[in-house]
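protein_24.cif (mmCIF, C-alpha atoms)
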```
data_target
#
loop_
_atom_site.label_atom_id
_atom_site.label_comp_id
_atom_site.auth_asym_id
_atom_site.auth_seq_id
_atom_site.Cartn_x
_atom_site.Cartn_y
_atom_site.Cartn_z
CA MET A 1057 87.11 141.11 88.80
CA TRP A 1058 83.50 140.10 88.10
CA SER A 1059 83.61 141.67 84.67
CA PHE A 1060 86.70 139.59 83.86
CA PHE A 1061 84.88 136.52 85.12
CA HIS A 1062 81.89 137.32 82.90
CA LYS A 1063 84.07 137.99 79.88
CA LEU A 1064 85.83 134.66 80.50
CA GLY A 1065 82.43 133.06 80.07
CA SER A 1066 82.15 134.34 76.52
CA PRO A 1067 83.48 131.75 74.04
CA ARG A 1068 84.25 134.37 71.43
CA TRP A 1069 86.25 136.52 73.84
CA PHE A 1070 88.11 133.48 75.17
CA TYR A 1071 88.96 132.37 71.64
CA GLN A 1072 90.43 135.78 70.80
CA ILE A 1073 92.38 136.32 74.00
CA SER A 1074 93.78 132.76 74.10
CA GLY A 1075 94.93 133.15 70.50
CA ARG A 1076 96.98 136.14 71.55
CA PHE A 1077 98.68 134.32 74.44
CA LEU A 1078 99.16 130.97 72.74
CA PRO A 1079 102.33 131.73 70.73
CA TRP A 1080 104.11 133.08 73.83
CA ILE A 1081 103.14 130.16 76.04
CA SER A 1082 104.00 127.51 73.46
CA VAL A 1083 107.37 129.06 72.53
CA THR A 1084 108.33 129.36 76.22
CA ALA A 1085 107.23 125.77 76.81
CA VAL A 1086 109.34 124.44 73.96
CA SER A 1087 112.42 126.44 74.96
CA LEU A 1088 112.17 125.35 78.61
CA LEU A 1089 111.74 121.72 77.53
CA VAL A 1090 114.68 121.88 75.10
CA VAL A 1091 117.00 123.53 77.64
CA GLY A 1092 115.88 121.24 80.49
CA THR A 1093 116.15 118.08 78.40
CA ILE A 1094 119.62 118.82 77.00
CA TRP A 1095 120.82 119.93 80.42
CA GLY A 1096 119.33 116.90 82.14
CA LEU A 1097 120.44 114.31 79.61
CA ALA A 1098 123.87 115.62 78.66
CA PHE A 1099 125.19 117.91 81.40
CA ALA A 1100 123.66 116.83 84.71
CA PRO A 1101 125.93 114.41 86.59
CA GLU A 1102 125.30 110.68 86.99
CA ASP A 1103 123.60 109.48 90.15
CA PHE A 1104 125.83 107.76 92.73
CA LYS A 1105 123.57 104.70 92.84
CA GLN A 1106 121.43 104.60 89.73
CA GLY A 1107 124.00 105.87 87.24
CA ASN A 1108 122.34 107.18 84.08
CA SER A 1109 118.95 105.51 84.44
CA TYR A 1110 117.75 108.17 86.87
CA ARG A 1111 117.61 110.63 83.96
CA ILE A 1112 114.13 109.42 83.01
CA MET A 1113 113.00 111.47 86.02
CA PHE A 1114 113.20 114.58 83.83
CA VAL A 1115 110.09 113.23 82.07
CA HIS A 1116 108.58 111.08 84.81
CA VAL A 1117 108.36 113.68 87.60
CA PRO A 1118 106.93 116.55 85.48
CA THR A 1119 104.29 114.36 83.81
CA ALA A 1120 103.18 113.02 87.19
CA MET A 1121 103.04 116.54 88.67
CA VAL A 1122 101.00 117.88 85.75
CA ALA A 1123 98.68 114.85 85.89
CA LEU A 1124 97.85 115.61 89.54
CA VAL A 1125 97.54 119.40 89.18
CA GLY A 1126 95.55 118.95 85.96
CA TYR A 1127 92.96 116.97 87.89
CA TYR A 1128 92.41 119.94 90.21
CA VAL A 1129 91.99 122.16 87.14
CA MET A 1130 89.35 119.77 85.81
CA ALA A 1131 87.54 119.53 89.16
CA ALA A 1132 87.62 123.31 89.63
CA ALA A 1133 86.14 123.80 86.15
CA GLY A 1134 83.54 121.18 87.02
CA ALA A 1135 82.61 123.03 90.21
CA VAL A 1136 82.29 126.36 88.35
CA SER A 1137 80.14 124.70 85.72
CA LEU A 1138 77.89 123.17 88.42
CA ILE A 1139 77.50 126.36 90.46
CA TRP A 1140 77.39 129.08 87.81
CA ARG A 1141 76.12 126.95 84.91
CA MET A 1142 78.87 128.43 82.77
CA LYS A 1143 79.25 126.92 79.29
CA MET A 1144 82.94 127.83 79.16
CA ALA A 1145 83.69 125.91 82.36
CA ASP A 1146 82.06 122.85 80.87
CA VAL A 1147 84.32 123.12 77.82
CA VAL A 1148 87.41 123.49 80.04
CA MET A 1149 86.43 120.44 82.11
CA ARG A 1150 85.86 118.29 79.05
CA SER A 1151 89.18 119.45 77.55
CA CYS A 1152 91.16 118.68 80.70
CA ALA A 1153 90.25 115.00 80.65
CA PRO A 1154 92.11 113.69 77.56
CA ILE A 1155 95.22 115.78 78.27
CA GLY A 1156 95.28 114.69 81.90
CA ALA A 1157 94.79 111.08 80.84
CA ALA A 1158 97.72 111.37 78.44
CA MET A 1159 99.95 112.85 81.16
CA THR A 1160 98.95 110.14 83.64
CA PHE A 1161 99.65 107.47 81.05
CA LEU A 1162 103.09 108.98 80.34
CA ALA A 1163 103.88 109.08 84.06
CA LEU A 1164 102.88 105.41 84.44
CA LEU A 1165 104.77 104.39 81.30
CA SER A 1166 107.98 106.26 82.19
CA GLY A 1167 107.69 104.87 85.72
CA ALA A 1168 107.46 101.32 84.40
CA ILE A 1169 110.47 101.87 82.12
CA TRP A 1170 112.39 103.31 85.09
CA GLY A 1171 111.23 100.54 87.42
CA LYS A 1172 112.63 97.69 85.34
CA PRO A 1173 116.35 98.58 85.64
CA THR A 1174 116.15 99.97 89.19
CA TRP A 1175 113.56 97.93 91.12
CA GLY A 1176 113.75 94.87 88.90
CA THR A 1177 110.11 94.95 87.81
CA TRP A 1178 107.88 96.89 85.42
CA TRP A 1179 104.92 96.97 87.74
CA VAL A 1180 104.05 96.37 91.37
CA TRP A 1181 100.69 96.92 93.07
CA ASP A 1182 101.90 99.36 95.71
CA ALA A 1183 99.83 102.29 96.97
CA ARG A 1184 101.46 104.96 94.77
CA ILE A 1185 101.27 103.08 91.49
CA THR A 1186 97.78 101.70 92.08
CA SER A 1187 96.34 105.10 93.05
CA MET A 1188 97.98 106.58 89.95
CA LEU A 1189 96.26 103.91 87.85
CA VAL A 1190 92.96 104.92 89.51
CA LEU A 1191 93.69 108.49 88.39
CA LEU A 1192 94.03 107.29 84.79
CA PHE A 1193 90.68 105.50 85.07
CA LEU A 1194 89.07 108.64 86.55
CA TYR A 1195 90.23 110.70 83.58
CA LEU A 1196 89.07 108.03 81.13
CA GLY A 1197 85.81 107.75 83.11
CA VAL A 1198 85.10 111.46 82.65
CA ILE A 1199 85.63 111.13 78.88
CA ALA A 1200 83.45 108.01 78.66
CA LEU A 1201 80.70 109.48 80.85
CA TYR A 1202 80.59 112.67 78.82
CA GLU A 1203 80.31 110.80 75.54
CA ALA A 1204 77.67 108.44 76.94
CA TYR A 1205 75.07 111.23 77.20
CA ASP A 1206 73.21 112.68 74.24
CA ASN A 1207 72.14 115.63 76.36
CA LYS A 1208 75.37 117.57 76.84
CA VAL A 1209 74.01 119.63 79.75
CA ALA A 1210 73.31 116.46 81.69
CA ALA A 1211 76.68 115.07 80.57
CA GLY A 1212 78.46 118.14 81.94
CA ARG A 1213 76.74 117.83 85.32
CA ALA A 1214 77.44 114.13 85.67
CA CYS A 1215 81.11 114.65 84.75
CA ALA A 1216 81.45 117.58 87.15
CA VAL A 1217 80.19 115.39 90.00
CA LEU A 1218 82.52 112.56 88.97
CA SER A 1219 85.54 114.86 88.85
CA LEU A 1220 84.66 116.33 92.27
CA VAL A 1221 84.31 112.85 93.75
CA GLY A 1222 87.61 111.77 92.23
CA MET A 1223 89.40 114.76 93.75
CA VAL A 1224 89.89 112.79 96.97
CA ASN A 1225 92.38 110.60 95.08
CA ILE A 1226 94.90 113.42 94.57
CA PRO A 1227 96.08 113.80 98.21
CA ILE A 1228 96.03 110.01 98.45
CA ILE A 1229 98.43 109.71 95.51
CA TYR A 1230 100.63 112.46 96.91
CA LYS A 1231 100.83 111.07 100.46
CA SER A 1232 100.67 107.34 99.58
CA VAL A 1233 104.43 106.93 99.89
CA ASP A 1234 104.38 108.40 103.42
CA TRP A 1235 101.25 106.70 104.71
CA TRP A 1236 102.03 103.14 103.61
CA TYR A 1237 105.04 100.93 102.91
CA SER A 1238 105.54 101.13 99.16
CA LEU A 1239 108.20 100.22 96.64
CA HIS A 1240 108.06 103.73 95.20
CA GLN A 1241 110.45 106.16 96.88
CA PRO A 1242 109.15 109.07 99.02
CA ALA A 1243 109.27 112.56 97.50
CA SER A 1244 112.74 113.99 96.75
CA ILE A 1245 111.50 117.53 96.20
CA LYS A 1246 110.23 118.79 99.52
CA LEU A 1247 108.33 121.99 100.14
CA THR A 1248 109.00 122.47 103.83
CA GLU A 1249 112.53 121.12 104.20
CA GLU A 1250 115.65 120.74 102.08
CA SER A 1251 115.17 118.58 98.99
CA THR A 1252 117.12 115.31 98.92
CA ILE A 1253 118.14 115.72 95.30
CA HIS A 1254 121.40 117.50 94.57
CA SER A 1255 121.00 120.99 93.06
CA SER A 1256 122.90 119.97 89.91
CA MET A 1257 120.07 117.50 89.18
CA LEU A 1258 117.24 119.59 90.61
CA GLN A 1259 117.88 122.60 88.37
CA PRO A 1260 117.29 120.84 85.02
CA LEU A 1261 114.29 119.09 86.60
CA LEU A 1262 112.77 122.47 87.46
CA PHE A 1263 113.24 123.50 83.83
CA THR A 1264 111.48 120.44 82.41
CA ALA A 1265 108.77 120.73 85.10
CA ALA A 1266 108.06 124.36 84.16
CA GLY A 1267 108.20 123.31 80.50
CA PHE A 1268 105.66 120.55 81.04
CA TYR A 1269 103.30 122.91 82.90
CA LEU A 1270 103.39 125.35 80.00
CA PHE A 1271 103.09 122.49 77.52
CA TYR A 1272 99.99 121.41 79.44
CA ALA A 1273 98.62 124.96 79.21
CA THR A 1274 99.32 125.01 75.46
CA ALA A 1275 97.66 121.64 74.85
CA LEU A 1276 94.69 122.62 77.01
CA LEU A 1277 94.18 125.95 75.22
CA LEU A 1278 94.40 124.27 71.81
CA TYR A 1279 91.89 121.63 72.85
CA ILE A 1280 89.53 124.23 74.34
CA ARG A 1281 89.71 126.34 71.16
CA ALA A 1282 88.97 123.35 68.95
CA GLU A 1283 86.09 122.34 71.23
CA LEU A 1284 84.73 125.92 71.22
CA VAL A 1285 84.73 126.19 67.44
CA PHE A 1286 83.01 122.82 67.21
CA ARG A 1287 80.31 123.68 69.75
CA GLU A 1288 79.71 127.19 68.40
CA GLN A 1289 79.82 126.15 64.75
CA ASN A 1290 76.39 127.66 64.06
CA THR A 1291 77.18 131.08 65.50
CA ARG A 1292 78.19 134.10 63.49
CA TRP A 1293 81.64 134.58 65.02
CA VAL A 1294 82.70 131.07 64.06
CA ARG A 1295 81.32 131.50 60.54
CA ASP A 1296 83.22 134.77 60.23
CA LEU A 1297 86.31 133.00 61.53
CA ALA A 1298 85.95 130.22 58.99
CA LEU A 1299 85.50 132.73 56.20
CA GLY A 1300 88.68 134.50 57.31
CA LYS A 1301 86.97 137.72 58.37
CA ARG A 1302 88.89 139.57 61.05
CA ASP A 1303 87.25 141.63 63.72
CA MET B 40 78.27 141.29 96.04
CA PRO B 41 75.99 138.75 97.71
CA MET B 42 75.73 135.44 95.94
CA HIS B 43 72.53 134.42 94.20
CA PRO B 44 70.70 132.08 96.64
CA GLN B 45 70.40 129.32 94.05
CA ARG B 46 74.11 129.45 93.30
CA LYS B 47 74.88 129.47 96.99
CA GLN B 48 72.82 126.32 97.33
CA ARG B 49 74.75 124.65 94.51
CA LEU B 50 78.03 125.78 96.08
CA MET B 51 76.95 124.04 99.28
CA LEU B 52 76.17 120.94 97.24
CA VAL B 53 79.66 120.97 95.70
CA ALA B 54 81.22 121.41 99.14
CA PHE B 55 79.08 118.56 100.45
CA ILE B 56 80.16 116.21 97.63
CA VAL B 57 83.85 116.94 98.28
CA VAL B 58 83.64 116.65 102.08
CA PHE B 59 81.38 113.60 102.04
CA THR B 60 83.51 111.60 99.60
CA SER B 61 86.72 112.61 101.40
CA VAL B 62 85.34 111.39 104.73
CA ALA B 63 83.95 108.20 103.20
CA ILE B 64 87.15 107.30 101.36
CA GLY B 65 89.23 108.39 104.36
CA LEU B 66 87.36 106.02 106.68
CA MET B 67 87.65 103.21 104.14
CA LEU B 68 91.41 103.67 103.84
CA TYR B 69 91.68 103.86 107.63
CA ALA B 70 89.86 100.54 107.93
CA LEU B 71 92.09 98.97 105.29
CA ARG B 72 95.32 100.63 106.44
CA GLY B 73 97.20 97.39 107.15
CA ASN B 74 96.23 95.85 103.81
CA ILE B 75 97.49 98.71 101.68
CA ASN B 76 101.11 98.25 102.76
CA LEU B 77 103.11 96.55 100.04
CA PHE B 78 105.24 94.54 102.49
CA TYR B 79 105.67 93.51 106.13
CA PRO B 80 108.63 94.85 108.10
CA PRO B 81 110.73 92.14 109.87
CA ALA B 82 109.43 93.30 113.28
CA GLU B 83 105.86 92.28 112.39
CA ILE B 84 107.07 88.95 111.04
CA ALA B 85 109.07 88.30 114.24
CA ALA B 86 105.96 89.16 116.28
CA GLY B 87 104.08 86.41 114.46
CA LYS B 88 101.57 88.70 112.77
CA VAL B 89 102.24 87.16 109.38
CA PRO B 90 100.64 83.88 108.18
CA GLN B 91 103.01 80.98 107.61
CA GLY B 92 102.72 79.16 104.31
CA ALA B 93 100.94 82.03 102.56
CA SER B 94 102.59 84.17 99.92
CA ILE B 95 103.74 87.47 101.46
CA ARG B 96 106.14 90.32 100.84
CA ALA B 97 108.76 91.42 103.33
CA GLY B 98 110.91 94.52 103.14
CA GLY B 99 113.83 96.13 104.90
CA MET B 100 117.51 96.96 104.71
CA VAL B 101 120.00 94.26 103.72
CA VAL B 102 122.26 93.76 106.78
CA PRO B 103 125.88 94.57 105.79
CA GLY B 104 128.00 91.42 105.74
CA SER B 105 125.03 89.07 105.72
CA VAL B 106 124.95 88.24 102.00
CA GLN B 107 126.10 84.69 101.29
CA ARG B 108 126.13 83.49 97.71
CA GLY B 109 126.17 79.87 96.54
CA THR B 110 129.44 78.77 94.97
CA ASP B 111 128.04 77.06 91.86
CA ASP B 112 124.50 78.38 91.44
CA LEU B 113 122.47 81.57 91.76
CA SER B 114 121.29 80.88 95.30
CA VAL B 115 121.80 83.63 97.84
CA THR B 116 120.81 84.16 101.47
CA PHE B 117 120.87 87.42 103.38
CA ARG B 118 119.26 89.08 106.35
CA VAL B 119 117.01 92.15 106.20
CA THR B 120 116.35 94.44 109.11
CA ASP B 121 114.08 97.30 110.15
CA TYR B 122 116.48 97.97 113.07
CA GLN B 123 114.05 96.20 115.41
CA ALA B 124 114.12 92.62 114.13
CA GLU B 125 115.84 90.64 111.41
CA LEU B 126 114.58 88.19 108.83
CA VAL B 127 116.55 85.65 106.83
CA VAL B 128 115.75 85.60 103.12
CA SER B 129 116.72 82.78 100.80
CA TYR B 130 116.52 83.32 97.06
CA SER B 131 117.67 81.74 93.86
CA GLY B 132 117.84 83.93 90.79
CA ILE B 133 119.24 87.14 89.40
CA LEU B 134 119.18 90.07 91.84
CA PRO B 135 118.41 93.59 90.60
CA ASP B 136 121.42 95.83 89.87
CA LEU B 137 120.67 98.09 92.82
CA PHE B 138 120.70 95.20 95.29
CA ALA B 139 123.52 95.86 97.76
CA GLU B 140 124.36 95.56 101.44
CA GLY B 141 122.82 98.41 103.39
CA GLU B 142 120.19 99.06 100.70
CA GLY B 143 116.44 98.56 100.88
CA ILE B 144 114.76 95.56 99.25
CA VAL B 145 111.31 94.01 98.98
CA ALA B 146 111.16 90.20 98.73
CA ALA B 147 108.08 88.13 97.85
CA GLY B 148 107.80 84.53 98.95
CA VAL B 149 106.63 82.09 101.61
CA LEU B 150 107.79 81.77 105.24
CA ASP B 151 108.96 78.24 106.03
CA GLU B 152 108.93 76.47 109.44
CA GLN B 153 112.32 77.94 110.37
CA GLY B 154 111.00 81.47 109.77
CA VAL B 155 113.10 81.86 106.63
CA LEU B 156 111.50 83.67 103.72
CA GLN B 157 111.84 81.44 100.66
CA ALA B 158 111.71 84.25 98.14
CA THR B 159 110.51 83.93 94.56
CA GLU B 160 111.21 87.57 93.72
CA VAL B 161 113.59 90.19 95.11
CA LEU B 162 113.10 93.86 94.20
CA ALA B 163 115.42 96.75 95.02
CA LYS B 164 113.86 99.71 96.83
CA HIS B 165 115.89 102.83 96.21
CA ASP B 166 115.47 105.87 98.44
CA GLU B 167 114.79 109.53 97.69
CA ASN B 168 118.44 110.67 97.71
CA TYR B 169 119.98 111.72 94.42
CA MET B 170 123.50 113.11 94.13
CA PRO B 171 126.59 112.88 91.94
CA PRO B 172 129.16 110.20 92.96
CA GLU B 173 131.71 112.86 94.02
CA VAL B 174 129.24 114.40 96.45
CA ALA B 175 128.42 110.96 97.87
CA ASP B 176 132.16 110.27 98.38
CA ALA B 177 132.67 113.63 100.07
CA LEU B 178 129.70 113.00 102.36
CA ALA B 179 131.00 109.56 103.30
CA GLN B 180 134.46 111.03 104.09
CA SER B 181 133.10 113.81 106.28
CA ALA B 182 130.86 111.31 108.11
CA GLU B 183 133.93 109.16 108.81
CA ALA B 184 135.90 112.16 110.04
CA SER B 185 133.15 113.44 112.33
CA SER B 186 132.28 110.15 114.06
CA THR B 187 135.37 108.22 115.09
CA ASP B 188 133.46 105.20 116.39
CA TYR B 189 131.73 104.72 113.02
CA GLY B 190 132.23 101.17 111.88
CA GLN B 191 133.10 99.87 115.33
CA GLY B 192 129.82 98.18 116.00
CA LYS B 193 127.62 101.24 115.86
CA THR B 194 124.83 100.95 113.28
CA PRO B 195 124.35 104.07 111.23
CA GLU B 196 120.69 104.86 110.61
#
```
Whole structure given in structure tokens:
Amino acid sequence: MWSFFHKLGSPRWFYQISGRFLPWISVTAVSLLVVGTIWGLAFAPEDFKQGNSYRIMFVHVPTAMVALVGYYVMAAAGAVSLIWRMKMADVVMRSCAPIGAAMTFLALLSGAIWGKPTWGTWWVWDARITSMLVLLFLYLGVIALYEAYDNKVAAGRACAVLSLVGMVNIPIIYKSVDWWYSLHQPASIKLTEESTIHSSMLQPLLFTAAGFYLFYATALLLYIRAELVFREQNTRWVRDLALGKRD
Amino acid sequence: MPMHPQRKQRLMLVAFIVVFTSVAIGLMLYALRGNINLFYPPAEIAAGKVPQGASIRAGGMVVPGSVQRGTDDLSVTFRVTDYQAELVVSYSGILPDLFAEGEGIVAAGVLDEQGVLQATEVLAKHDENYMPPEVADALAQSAEASSTDYGQGKTPE
């Protein structure tokens, strides 16, 4: 296990191994998204109250889920980079931020578009939506903080601390609809009891959710690889790579 | 394999950051708990906990049979309930599509002297249940069959 951990710390090894997995992950992501989207938009039944407008959930719910889980990925990478001073972890943390920010933005945007026809408003300052906006600012804050430093070691440490501090927001977002009166509905997919969404709608949602997770993994790996090549541009393995030499 | 003492120290630091911020933010949210709610339930308004004349939001279920629309304008009055108290809401404007008797709403406005909420905005609050219309019909039929006194004054919750 420790040898795997040490190998994971080698940029060159990570670049090679991720290149081998990438086609599989991305193809699976696209197929899950295509199946889930067609199923959700064309074959899943209408909702008894919301009619067709509920179908935006096939984008809204997965992007929100990935935005929350992606923050834990970033914070975990930040913790590893703080404790073990691992260069790779720093790259992963930095790469998580823009992708997480994009997912959070998509969740907020699709929520606003869904809110207009159902609630009657684009935006309301309730606990769920406000804490989600804070998440977007946390992601953007990590990017801004990292770029503000010239010394990238110091930048990595500051960002790791910021992402650890921001971690407290994730359970708040998740439980906000249970702890306070909000306009946003409570969770329909429940872990401990029966979900309150009919299986004919839940099944395509699970497909798009799995698709978005793998899409997140694809985007993250691509970003990490680009970041690695940029940071290691003066090393021999990157020069060999650029010259098309295979090893 | 024992951990390097320096790394162990940094691990403790990471744990401290996470625990410290969680406790700090947790206490802050606990102190602010009443202010984070988006709306007041009718019970709190009936208990007089809500300032009169200030802009507030109230939320609850629209009482079935309580919706009265104006004959020649967009004015509408209805009662909302949290099953403990009721609040009369008066509004003039277009209601959201999901507004219906027995459904949840959030209304923003000012309480007048009679305790009526003069609303400037009414939002529909949908719940977490999603199902096809056929399933909803079947559920409603089986509920009617199983409880014979349904609809004879008993409030379903």
Could you give me, as a PyMOL selection string, the residues that have an atom at most 12 Å away from the point (112.2, 117.1, 100.4) in the coordinates of the file, using all atoms listed in the file? (chain A and resi 1241-1254+1258) or (chain B and resi 166-169)
Mind writing the picked residues with C-alpha atoms as a PDB file, keeping the file's coordinate frame?
```pdb
ATOM      1  CA  GLN A1241     110.450 106.160  96.880  1.00  0.00           C
ATOM      2  CA  PRO A1242     109.150 109.070  99.020  1.00  0.00           C
ATOM      3  CA  ALA A1243     109.270 112.560  97.500  1.00  0.00           C
ATOM      4  CA  SER A1244     112.740 113.990  96.750  1.00  0.00           C
ATOM      5  CA  ILE A1245     111.500 117.530  96.200  1.00  0.00           C
ATOM      6  CA  LYS A1246     110.230 118.790  99.520  1.00  0.00           C
ATOM      7  CA  LEU A1247     108.330 121.990 100.140  1.00  0.00           C
ATOM      8  CA  THR A1248     109.000 122.470 103.830  1.00  0.00           C
ATOM      9  CA  GLU A1249     112.530 121.120 104.200  1.00  0.00           C
ATOM     10  CA  GLU A1250     115.650 120.740 102.080  1.00  0.00           C
ATOM     11  CA  SER A1251     115.170 118.580  98.990  1.00  0.00           C
ATOM     12  CA  THR A1252     117.120 115.310  98.920  1.00  0.00           C
ATOM     13  CA  ILE A1253     118.140 115.720  95.300  1.00  0.00           C
ATOM     14  CA  HIS A1254     121.400 117.500  94.570  1.00  0.00           C
ATOM     15  CA  LEU A1258     117.240 119.590  90.610  1.00  0.00           C
TER      16      LEU A1258
ATOM     17  CA  ASP B 166     115.470 105.870  98.440  1.00  0.00           C
ATOM     18  CA  GLU B 167     114.790 109.530  97.690  1.00  0.00           C
ATOM     19  CA  ASN B 168     118.440 110.670  97.710  1.00  0.00           C
ATOM     20  CA  TYR B 169     119.980 111.720  94.420  1.00  0.00           C
TER      21      TYR B 169
END
```
Distance table requested - chain B against chain A, cut-off 10 Å, only C-alpha atoms: one row per qualifying residue with the closest atom pair and its distance in Å to one decimal, ordered by chain and rising residue number, as a tab-separated table.
```
residue	atom	partner	partner_atom	distance
B:Met40	CA	A:Trp1058	CA	9.6
B:His43	CA	A:Trp1140	CA	9.6
B:Gln45	CA	A:Ile1139	CA	8.5
B:Arg46	CA	A:Ile1139	CA	5.4
B:Lys47	CA	A:Ile1139	CA	7.7
B:Gln48	CA	A:Ile1139	CA	8.3
B:Arg49	CA	A:Ile1139	CA	5.2
B:Leu50	CA	A:Ile1139	CA	5.7
B:Met51	CA	A:Ile1139	CA	9.1
B:Leu52	CA	A:Ile1139	CA	8.8
B:Val53	CA	A:Ala1135	CA	6.6
B:Ala54	CA	A:Ala1135	CA	9.2
B:Ile56	CA	A:Val1221	CA	6.6
B:Val57	CA	A:Leu1220	CA	6.1
B:Val58	CA	A:Val1224	CA	8.9
B:Phe59	CA	A:Val1221	CA	8.8
B:Thr60	CA	A:Val1221	CA	6.0
B:Ser61	CA	A:Val1224	CA	5.5
B:Val62	CA	A:Val1224	CA	9.1
B:Ala63	CA	A:Val1224	CA	9.8
B:Ile64	CA	A:Val1224	CA	7.5
B:Gly65	CA	A:Val1224	CA	8.6
B:Leu68	CA	A:Ile1228	CA	9.5
B:Arg72	CA	A:Trp1236	CA	7.7
B:Gly73	CA	A:Trp1236	CA	8.3
B:Asn74	CA	A:Trp1236	CA	9.3
B:Ile75	CA	A:Ala1183	CA	6.4
B:Asn76	CA	A:Tyr1237	CA	4.8
B:Leu77	CA	A:Ser1238	CA	5.3
B:Phe78	CA	A:Tyr1237	CA	6.4
B:Tyr79	CA	A:Tyr1237	CA	8.1
B:Pro80	CA	A:Tyr1237	CA	8.8
B:Gly98	CA	A:Tyr1237	CA	8.7
B:Ile133	CA	A:Gly1176	CA	9.5
B:Leu134	CA	A:Gly1176	CA	7.8
B:Pro135	CA	A:Gly1176	CA	5.1
B:Asp136	CA	A:Thr1174	CA	6.7
B:Leu137	CA	A:Thr1174	CA	6.1
B:Phe138	CA	A:Trp1175	CA	8.7
B:Gly143	CA	A:Leu1239	CA	9.4
B:Ile144	CA	A:Leu1239	CA	8.5
B:Val145	CA	A:Leu1239	CA	7.3
B:Glu160	CA	A:Gly1176	CA	9.1
B:Val161	CA	A:Gly1176	CA	7.8
B:Leu162	CA	A:Trp1175	CA	5.1
B:Ala163	CA	A:Trp1175	CA	4.5
B:Lys164	CA	A:Leu1239	CA	5.7
B:His165	CA	A:Gln1241	CA	6.4
B:Asp166	CA	A:Gln1241	CA	5.3
B:Glu167	CA	A:Ser1244	CA	5.0
B:Asn168	CA	A:Thr1252	CA	5.0
B:Tyr169	CA	A:Ile1253	CA	4.5
B:Met170	CA	A:His1254	CA	4.9
B:Pro171	CA	A:Asp1103	CA	4.9
B:Pro172	CA	A:Phe1104	CA	4.1
B:Glu173	CA	A:Phe1104	CA	7.9
B:Val174	CA	A:Phe1104	CA	8.3
B:Ala175	CA	A:Phe1104	CA	6.6
B:Asp176	CA	A:Phe1104	CA	8.8
```
Edge lengths and centre, in Å to one decimal, as AutoDock Vina command-line options: that's what I need for the box along x, y and z that holds all listed atoms of segment 1240-1245 of chain A plus 4 Å on each side.
```
--center_x 110.4 --center_y 110.6 --center_z 97.1 --size_x 12.7 --size_y 21.8 --size_z 11.8
```
With a distance cut-off of 10 Å and all atoms listed in the file, select the neighbouring residues of Leu1276 of chain A, excluding the residue or stretch itself and same-chain residues fewer than 3 positions from it, and output the selection as JSON, numbers by chain. {"A": [1126, 1148, 1149, 1151, 1152, 1153, 1154, 1155, 1156, 1270, 1271, 1272, 1273, 1279, 1280, 1281, 1282]}
What's the 7 Å shell around Gln107 of chain B, counting only C-alpha atoms, without same-chain residues fewer than 3 positions away, as a VMD selection string? chain B and resid 115 to 117
Can you pull out every residue within 9 Å of Leu1191 of chain A, counting all atoms listed in the file, but drop anything in the same chain fewer than 4 positions away, and send it as a list in words?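 Using all atoms listed in the file, the neighbours found are Ala1123, Leu1124, Tyr1127, Ala1157, Thr1160, Thr1186, Ser1187, Tyr1195, Leu1196, Gly1222, Asn1225, Ile1226 and Ile1229 of chain A.
Going from atom CA of Asn1108 of chain A over to atom CA of Gly1096 of chain A, you cover 10.4 Å.
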Could you please determine the separation between atom CA of Ile1112 of chain A and atom CA of Ile1081 of chain A in Å, to one decimal place? 24.5 Å
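Here the PyMOL selection byres ((chain B and resi 127) around 10) catches exactly these residues: Pro81, Val101, Val102, Ser105, Thr116, Phe117, Arg118, Val119, Thr120, Glu125, Leu126, Val128, Ser129, Leu150, Gln153, Gly154, Val155, Leu156 and Gln157 of chain B.
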Quick check, in Å to one decimal: how far apart do atom CA of Ala139 of chain B and atom CA of Ala158 of chain B lie?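 Result for atom CA of Ala139 of chain B versus atom CA of Ala158 of chain B: 16.6 Å, one decimal.
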With all atoms listed in the file counted, which protein, DNA or RNA residues have an atom no more than 12 Å from (95.7, 132.3, 73.5) in the file frame? Please answer as a PyMOL selection string. chain A and resi 1068-1082+1273-1281
Excluding Gly1092 of chain A and its own-chain neighbours fewer than 5 positions away, which residues fall within 7 Å of it when counting only C-alpha atoms? Please give them as a count of residues only. 4
